[in-house]
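A.B. asks: Here you go, this is start.cif (mmCIF, C-alpha atoms).
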data_target
#
loop_
_atom_site.label_atom_id
_atom_site.label_comp_id
_atom_site.auth_asym_id
_atom_site.auth_seq_id
_atom_site.Cartn_x
_atom_site.Cartn_y
_atom_site.Cartn_z
CA MET A 1 17.57 -5.34 3.16
CA LYS A 2 17.17 -3.93 -0.34
CA PHE A 3 15.25 -0.67 -0.93
CA ASP A 4 14.20 -0.33 -4.58
CA PRO A 5 12.82 3.14 -5.44
CA LEU A 6 9.64 3.05 -7.50
CA THR A 7 8.26 5.47 -10.10
CA ILE A 8 6.21 7.26 -7.42
CA ASP A 9 8.47 9.71 -5.58
CA GLY A 10 9.19 8.39 -2.07
CA ALA A 11 7.76 4.89 -2.69
CA TYR A 12 9.91 1.77 -2.29
CA LYS A 13 9.67 -1.96 -2.74
CA ILE A 14 11.59 -3.44 0.16
CA SER A 15 13.05 -6.92 -0.06
CA PRO A 16 14.64 -8.38 3.06
CA LYS A 17 17.63 -10.65 2.89
CA LEU A 18 16.29 -14.18 3.34
CA LEU A 19 18.38 -16.68 5.27
CA GLN A 20 17.22 -20.19 4.46
CA ASP A 21 18.15 -23.63 5.67
CA GLY A 22 16.50 -26.97 6.32
CA ARG A 23 14.30 -25.47 9.07
CA GLY A 24 12.83 -22.75 6.83
CA SER A 25 13.74 -19.10 6.55
CA PHE A 26 14.51 -15.98 8.59
CA ALA A 27 14.61 -12.31 7.62
CA ARG A 28 14.72 -8.93 9.31
CA VAL A 29 11.71 -7.00 7.97
CA PHE A 30 12.27 -3.76 9.87
CA CYS A 31 15.34 -1.99 11.22
CA SER A 32 15.09 1.66 12.26
CA ASP A 33 18.76 2.29 11.39
CA LEU A 34 18.31 1.00 7.83
CA PHE A 35 15.00 2.84 7.34
CA SER A 36 16.52 6.06 8.75
CA ALA A 37 19.50 5.76 6.42
CA GLN A 38 17.01 5.79 3.50
CA GLY A 39 15.20 8.82 4.96
CA LEU A 40 12.10 6.70 5.67
CA ASN A 41 9.64 6.83 8.54
CA CYS A 42 10.50 4.76 11.61
CA HIS A 43 7.59 5.69 13.90
CA TRP A 44 4.41 3.67 13.51
CA LYS A 45 1.18 4.44 15.37
CA GLN A 46 -1.07 1.62 14.20
CA MET A 47 -0.92 -1.86 12.69
CA ASN A 48 -3.78 -3.43 10.75
CA VAL A 49 -4.33 -6.85 9.22
CA SER A 50 -6.49 -7.79 6.25
CA ARG A 51 -7.38 -11.32 5.20
CA THR A 52 -8.91 -11.99 1.81
CA ALA A 53 -10.22 -15.41 0.86
CA GLN A 54 -10.74 -15.15 -2.91
CA ALA A 55 -8.23 -14.45 -5.68
CA GLY A 56 -9.21 -11.49 -7.87
CA THR A 57 -10.55 -9.40 -4.97
CA VAL A 58 -9.66 -5.70 -5.07
CA ARG A 59 -9.39 -3.58 -1.92
CA GLY A 60 -8.83 0.15 -2.34
CA MET A 61 -7.87 2.71 -3.47
CA HIS A 62 -7.76 4.34 0.01
CA PHE A 63 -6.01 7.38 1.54
CA GLN A 64 -6.36 9.89 4.37
CA ARG A 65 -6.57 13.66 3.93
CA PRO A 66 -4.49 16.25 5.80
CA PRO A 67 -3.67 16.66 8.56
CA PHE A 68 -3.87 12.86 8.93
CA CYS A 69 -2.12 11.77 5.72
CA GLU A 70 -0.36 8.54 6.51
CA ILE A 71 2.70 6.63 5.44
CA LYS A 72 2.05 2.90 5.10
CA LEU A 73 4.38 -0.07 5.20
CA VAL A 74 2.54 -3.03 3.68
CA ARG A 75 3.77 -6.60 3.98
CA CYS A 76 2.21 -9.64 2.33
CA VAL A 77 2.43 -12.45 4.90
CA ALA A 78 0.35 -15.05 3.02
CA GLY A 79 -0.25 -15.37 -0.70
CA LEU A 80 0.50 -13.07 -3.63
CA ILE A 81 -0.87 -9.61 -4.50
CA LEU A 82 -0.55 -6.78 -6.95
CA ASP A 83 -0.07 -3.72 -4.75
CA VAL A 84 -0.94 -0.35 -6.31
CA ILE A 85 -0.16 3.28 -5.43
CA VAL A 86 -1.58 6.47 -7.01
CA ASP A 87 0.18 9.77 -6.27
CA LEU A 88 -2.33 12.44 -5.16
CA ARG A 89 0.25 15.02 -3.97
CA LYS A 90 -0.15 18.42 -5.60
CA GLY A 91 3.16 19.52 -7.10
CA SER A 92 4.73 16.06 -6.94
CA ALA A 93 6.80 15.08 -9.97
CA SER A 94 4.82 11.83 -10.05
CA PHE A 95 1.36 13.40 -9.45
CA GLY A 96 -1.38 11.27 -11.01
CA GLN A 97 0.93 8.37 -11.76
CA VAL A 98 0.06 4.78 -10.97
CA CYS A 99 2.70 2.33 -9.74
CA ALA A 100 2.06 -1.38 -9.26
CA VAL A 101 4.30 -4.11 -7.82
CA GLU A 102 3.77 -7.73 -6.94
CA LEU A 103 4.34 -8.68 -3.31
CA CYS A 104 4.93 -12.33 -2.47
CA ALA A 105 4.70 -13.72 1.04
CA ASP A 106 7.42 -16.30 0.32
CA LYS A 107 9.87 -13.47 -0.41
CA MET A 108 8.68 -11.42 2.63
CA GLU A 109 8.47 -8.33 0.40
CA MET A 110 7.00 -4.98 1.47
CA LEU A 111 5.75 -1.74 -0.07
CA TYR A 112 6.51 1.66 1.46
CA VAL A 113 3.67 4.03 0.54
CA PRO A 114 4.40 7.75 1.06
CA ALA A 115 1.89 10.13 2.62
CA GLY A 116 -0.50 11.66 0.10
CA CYS A 117 -0.85 8.53 -2.02
CA ALA A 118 -3.86 6.27 -2.50
CA HIS A 119 -3.22 2.57 -1.91
CA GLY A 120 -4.99 -0.63 -2.90
CA PHE A 121 -4.32 -4.16 -4.04
CA GLN A 122 -5.65 -7.17 -5.91
CA THR A 123 -5.25 -10.70 -4.58
CA LEU A 124 -3.52 -12.96 -7.10
CA SER A 125 -4.02 -16.06 -4.97
CA ASP A 126 -6.61 -17.30 -2.52
CA ASP A 127 -6.12 -16.83 1.23
CA VAL A 128 -4.09 -13.63 1.27
CA GLU A 129 -3.06 -11.85 4.46
CA LEU A 130 -1.51 -8.38 4.65
CA HIS A 131 -0.04 -6.50 7.59
CA TYR A 132 -0.04 -2.70 7.40
CA LEU A 133 1.91 -0.30 9.59
CA HIS A 134 0.49 3.25 9.64
CA SER A 135 2.23 6.46 10.65
CA GLN A 136 -1.11 8.05 11.69
CA ASP A 137 -4.20 6.86 13.51
CA TYR A 138 -7.18 6.09 11.31
CA ARG A 139 -9.58 9.03 11.11
CA PRO A 140 -12.85 8.14 9.35
CA ASP A 141 -13.70 11.83 8.90
CA HIS A 142 -10.46 12.27 6.87
CA GLU A 143 -10.61 9.11 4.75
CA GLY A 144 -10.87 9.20 1.00
CA GLY A 145 -10.77 6.86 -1.94
CA LEU A 146 -10.47 6.55 -5.69
CA LEU A 147 -12.54 4.29 -7.91
CA PRO A 148 -10.23 1.31 -8.62
CA THR A 149 -11.76 0.90 -12.10
CA ASP A 150 -11.33 4.58 -13.12
CA PRO A 151 -10.52 4.53 -16.88
CA GLU A 152 -8.22 7.56 -16.48
CA LEU A 153 -6.04 5.67 -14.01
CA ALA A 154 -6.12 2.57 -16.24
CA ILE A 155 -4.87 0.30 -13.47
CA ALA A 156 -3.92 -2.97 -15.14
CA TRP A 157 -5.52 -5.40 -12.72
CA PRO A 158 -4.08 -8.75 -13.85
CA ARG A 159 -7.22 -10.74 -13.03
CA ALA A 160 -10.90 -10.10 -13.55
CA ILE A 161 -12.18 -8.37 -10.42
CA SER A 162 -14.07 -11.07 -8.54
CA ASN A 163 -15.01 -8.98 -5.50
CA LEU A 164 -15.08 -5.23 -4.81
CA SER A 165 -16.87 -3.80 -1.78
CA GLU A 166 -19.91 -1.60 -2.26
CA ARG A 167 -18.01 1.21 -0.54
CA ASP A 168 -15.04 0.94 -2.96
CA GLN A 169 -17.42 0.88 -5.95
CA LYS A 170 -18.72 4.31 -4.87
CA HIS A 171 -15.37 6.08 -4.67
CA PRO A 172 -14.96 9.07 -7.03
CA LEU A 173 -12.91 9.26 -10.20
CA PHE A 174 -9.35 10.64 -10.01
CA GLU A 175 -10.42 13.88 -11.73
CA GLN A 176 -13.02 14.45 -8.98
CA VAL A 177 -10.55 14.16 -6.09
CA GLU A 178 -8.88 17.32 -4.82
CA PRO A 179 -5.07 16.97 -4.87
CA ILE A 180 -3.42 16.62 -1.49
CA ILE A 181 -1.26 19.44 -0.21
CA LEU A 182 1.22 18.17 2.37
#
What is this file in structure tokens?
C.D. replies:
Amino acid sequence: MKFDPLTIDGAYKISPKLLQDGRGSFARVFCSDLFSAQGLNCHWKQMNVSRTAQAGTVRGMHFQRPPFCEIKLVRCVAGLILDVIVDLRKGSASFGQVCAVELCADKMEMLYVPAGCAHGFQTLSDDVELHYLHSQDYRPDHEGGLLPTDPELAIAWPRAISNLSERDQKHPLFEQVEPIIL
């Protein structure tokens, strides 16, 4: 398993070692010993699944406020996405930075999102499915979001946005969101 640090402090793109033969492929996508050796979370409280039919759809940018800030481990199990993180942590060396990586189901890649960061993605293919592990339970009274089209963030969505929920369209701009203190 390969852990590639990203430009957001504490974020990683994780690529498992694929073993392939005539039957298909196999990979270990989680190992507590390997995650612990990297100083990463190994205790997950919740797992969610999202399925998105249409390429170009954007979901996000979502986060939870203290004391329920969550670490996420996101795996693309069908299709291709651009996965995006924005650092909201006050005092972080990467505060306000945007980091984007492609995740491909065929490569079984994952994104490790540290607590205090907003997360979202754009589908780059039709029929995308994501699995998310969360270190905290979902608390609707502590949820927050950023407007995915905020000009200050300048997220370079690779496709025209074909679908964005009404809720995500109403999220505030980055400058209107109070930084997160962990």
A.B. asks: Counting only C-alpha atoms, which residue out of A:Ala78, A:Arg23, A:Phe3, A:Ile155 sits closest to Ser36 in chain A?
C.D. replies: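 For Ser36 in chain A, the nearest of the candidates is A:Phe3.
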A.B. asks: Have a look at A:Ser92, A:Cys99, A:Gly79, A:Gly60 and name the one nearest to Pro5 in chain A; count only C-alpha atoms.
C.D. replies: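 Closest residue, counting only C-alpha atoms: A:Cys99.
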A.B. asks: Using all atoms listed in the file, which protein or nucleic acid residues come within 12 Å of range 14-20 of chain A? Drop anything in the same chain fewer than 5 positions from it, and give the result as a PyMOL selection string.
C.D. replies: chain A and resi 1-6+25-31+34-35+38+40+73-76+101-113
A.B. asks: Between A:Thr57, A:Gln64, A:Asn41, A:Gln46, single out the one closest to Arg139 in chain A, counting only C-alpha atoms.
C.D. replies: A:Gln64
A.B. asks: On this structure, which residues satisfy the PyMOL selection byres ((chain A and resi 159) around 12), written as number ranges by chain?
C.D. replies: A: 54-58, 81-82, 121-125, 155-158, 160-163
A.B. asks: Create the file for the chosen residues now, containing C-alpha atoms and written as an mmCIF file, keeping the file's coordinate frame.
C.D. replies:
data_model
loop_
_atom_site.group_PDB
_atom_site.id
_atom_site.type_symbol
_atom_site.label_atom_id
_atom_site.label_comp_id
_atom_site.auth_asym_id
_atom_site.auth_seq_id
_atom_site.Cartn_x
_atom_site.Cartn_y
_atom_site.Cartn_z
ATOM 1 C CA GLN A 54 -10.740 -15.150 -2.910
ATOM 2 C CA ALA A 55 -8.230 -14.450 -5.680
ATOM 3 C CA GLY A 56 -9.210 -11.490 -7.870
ATOM 4 C CA THR A 57 -10.550 -9.400 -4.970
ATOM 5 C CA VAL A 58 -9.660 -5.700 -5.070
ATOM 6 C CA ILE A 81 -0.870 -9.610 -4.500
ATOM 7 C CA LEU A 82 -0.550 -6.780 -6.950
ATOM 8 C CA PHE A 121 -4.320 -4.160 -4.040
ATOM 9 C CA GLN A 122 -5.650 -7.170 -5.910
ATOM 10 C CA THR A 123 -5.250 -10.700 -4.580
ATOM 11 C CA LEU A 124 -3.520 -12.960 -7.100
ATOM 12 C CA SER A 125 -4.020 -16.060 -4.970
ATOM 13 C CA ILE A 155 -4.870 0.300 -13.470
ATOM 14 C CA ALA A 156 -3.920 -2.970 -15.140
ATOM 15 C CA TRP A 157 -5.520 -5.400 -12.720
ATOM 16 C CA PRO A 158 -4.080 -8.750 -13.850
ATOM 17 C CA ALA A 160 -10.900 -10.100 -13.550
ATOM 18 C CA ILE A 161 -12.180 -8.370 -10.420
ATOM 19 C CA SER A 162 -14.070 -11.070 -8.540
ATOM 20 C CA ASN A 163 -15.010 -8.980 -5.500
#
A.B. asks: Report, in Å to a single decimal, how far apart CA of Val86 in chain A and CA of Glu70 in chain A are.
C.D. replies: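 About the pair CA of Glu70 in chain A and CA of Val86 in chain A: they are 13.7 Å apart.
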A.B. asks: CA of Leu146 in chain A and CA of Gly39 in chain A are how many Å apart?
C.D. replies: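 Separation of CA of Leu146 in chain A and CA of Gly39 in chain A: 27.9 Å.
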A.B. asks: Given the choices A:Gly24, A:Gln136, A:Ser32, A:Pro66, which gets closest to Lys45 in chain A if the distance is worked out from all atoms listed in the file?
C.D. replies: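 Result for the nearest residue to Lys45 in chain A: A:Gln136.
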A.B. asks: CA of Pro67 in chain A and CA of Gly91 in chain A, how far apart in Å?
C.D. replies: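 The value is 17.3 Å.
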A.B. asks: Return the single residue from A:Asp137, A:Asp21, A:Glu166, A:Asp9 that is closest to Ser94 in chain A, with distances computed using all atoms listed in the file.
C.D. replies: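 Checking each of A:Asp137, A:Asp21, A:Glu166, A:Asp9 against Ser94 in chain A, counting all atoms listed in the file, the winner is A:Asp9.
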A.B. asks: Using all atoms listed in the file, which of the listed residues (A:Trp44, A:Phe63, A:Phe174, A:Tyr12) sits closest to Gly144 in chain A?
C.D. replies: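 Nearest candidate to Gly144 in chain A out of A:Trp44, A:Phe63, A:Phe174, A:Tyr12: A:Phe63.
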A.B. asks: For range 8-25 of chain A, supply N, CA and C atoms and format the output as a PDB file, in the coordinates of the input.
C.D. replies:
ATOM      1  N   ILE A   8       6.865   6.255  -8.264  1.00  0.00           N
ATOM      2  CA  ILE A   8       6.210   7.260  -7.420  1.00  0.00           C
ATOM      3  C   ILE A   8       7.268   7.789  -6.458  1.00  0.00           C
ATOM      4  N   ASP A   9       7.460   9.098  -6.447  1.00  0.00           N
ATOM      5  CA  ASP A   9       8.470   9.710  -5.580  1.00  0.00           C
ATOM      6  C   ASP A   9       8.237   9.337  -4.121  1.00  0.00           C
ATOM      7  N   GLY A  10       9.265   8.757  -3.478  1.00  0.00           N
ATOM      8  CA  GLY A  10       9.190   8.390  -2.070  1.00  0.00           C
ATOM      9  C   GLY A  10       8.646   7.001  -1.804  1.00  0.00           C
ATOM     10  N   ALA A  11       8.274   6.256  -2.849  1.00  0.00           N
ATOM     11  CA  ALA A  11       7.760   4.890  -2.690  1.00  0.00           C
ATOM     12  C   ALA A  11       8.901   3.898  -2.940  1.00  0.00           C
ATOM     13  N   TYR A  12       8.872   2.791  -2.180  1.00  0.00           N
ATOM     14  CA  TYR A  12       9.910   1.770  -2.290  1.00  0.00           C
ATOM     15  C   TYR A  12       9.308   0.382  -2.211  1.00  0.00           C
ATOM     16  N   LYS A  13       9.889  -0.536  -2.968  1.00  0.00           N
ATOM     17  CA  LYS A  13       9.670  -1.960  -2.740  1.00  0.00           C
ATOM     18  C   LYS A  13      10.849  -2.406  -1.893  1.00  0.00           C
ATOM     19  N   ILE A  14      10.547  -3.046  -0.780  1.00  0.00           N
ATOM     20  CA  ILE A  14      11.590  -3.440   0.160  1.00  0.00           C
ATOM     21  C   ILE A  14      11.649  -4.963   0.209  1.00  0.00           C
ATOM     22  N   SER A  15      12.838  -5.470  -0.054  1.00  0.00           N
ATOM     23  CA  SER A  15      13.050  -6.920  -0.060  1.00  0.00           C
ATOM     24  C   SER A  15      14.082  -7.267   1.004  1.00  0.00           C
ATOM     25  N   PRO A  16      13.665  -7.990   2.046  1.00  0.00           N
ATOM     26  CA  PRO A  16      14.640  -8.380   3.060  1.00  0.00           C
ATOM     27  C   PRO A  16      15.562  -9.471   2.556  1.00  0.00           C
ATOM     28  N   LYS A  17      16.698  -9.575   3.210  1.00  0.00           N
ATOM     29  CA  LYS A  17      17.630 -10.650   2.890  1.00  0.00           C
ATOM     30  C   LYS A  17      17.133 -11.915   3.597  1.00  0.00           C
ATOM     31  N   LEU A  18      16.787 -12.914   2.801  1.00  0.00           N
ATOM     32  CA  LEU A  18      16.290 -14.180   3.340  1.00  0.00           C
ATOM     33  C   LEU A  18      17.442 -15.112   3.670  1.00  0.00           C
ATOM     34  N   LEU A  19      17.428 -15.648   4.872  1.00  0.00           N
ATOM     35  CA  LEU A  19      18.380 -16.680   5.270  1.00  0.00           C
ATOM     36  C   LEU A  19      17.592 -17.973   5.349  1.00  0.00           C
ATOM     37  N   GLN A  20      17.984 -18.951   4.538  1.00  0.00           N
ATOM     38  CA  GLN A  20      17.220 -20.190   4.460  1.00  0.00           C
ATOM     39  C   GLN A  20      18.104 -21.386   4.766  1.00  0.00           C
ATOM     40  N   ASP A  21      17.493 -22.350   5.434  1.00  0.00           N
ATOM     41  CA  ASP A  21      18.150 -23.630   5.670  1.00  0.00           C
ATOM     42  C   ASP A  21      17.080 -24.700   5.772  1.00  0.00           C
ATOM     43  N   GLY A  22      17.434 -25.864   6.247  1.00  0.00           N
ATOM     44  CA  GLY A  22      16.500 -26.970   6.320  1.00  0.00           C
ATOM     45  C   GLY A  22      15.306 -26.728   7.237  1.00  0.00           C
ATOM     46  N   ARG A  23      15.407 -25.774   8.152  1.00  0.00           N
ATOM     47  CA  ARG A  23      14.300 -25.470   9.070  1.00  0.00           C
ATOM     48  C   ARG A  23      13.280 -24.530   8.462  1.00  0.00           C
ATOM     49  N   GLY A  24      13.692 -23.765   7.424  1.00  0.00           N
ATOM     50  CA  GLY A  24      12.830 -22.750   6.830  1.00  0.00           C
ATOM     51  C   GLY A  24      13.618 -21.503   6.514  1.00  0.00           C
ATOM     52  N   SER A  25      13.061 -20.344   6.886  1.00  0.00           N
ATOM     53  CA  SER A  25      13.740 -19.100   6.550  1.00  0.00           C
ATOM     54  C   SER A  25      13.616 -18.088   7.687  1.00  0.00           C
TER      55      SER A  25
END
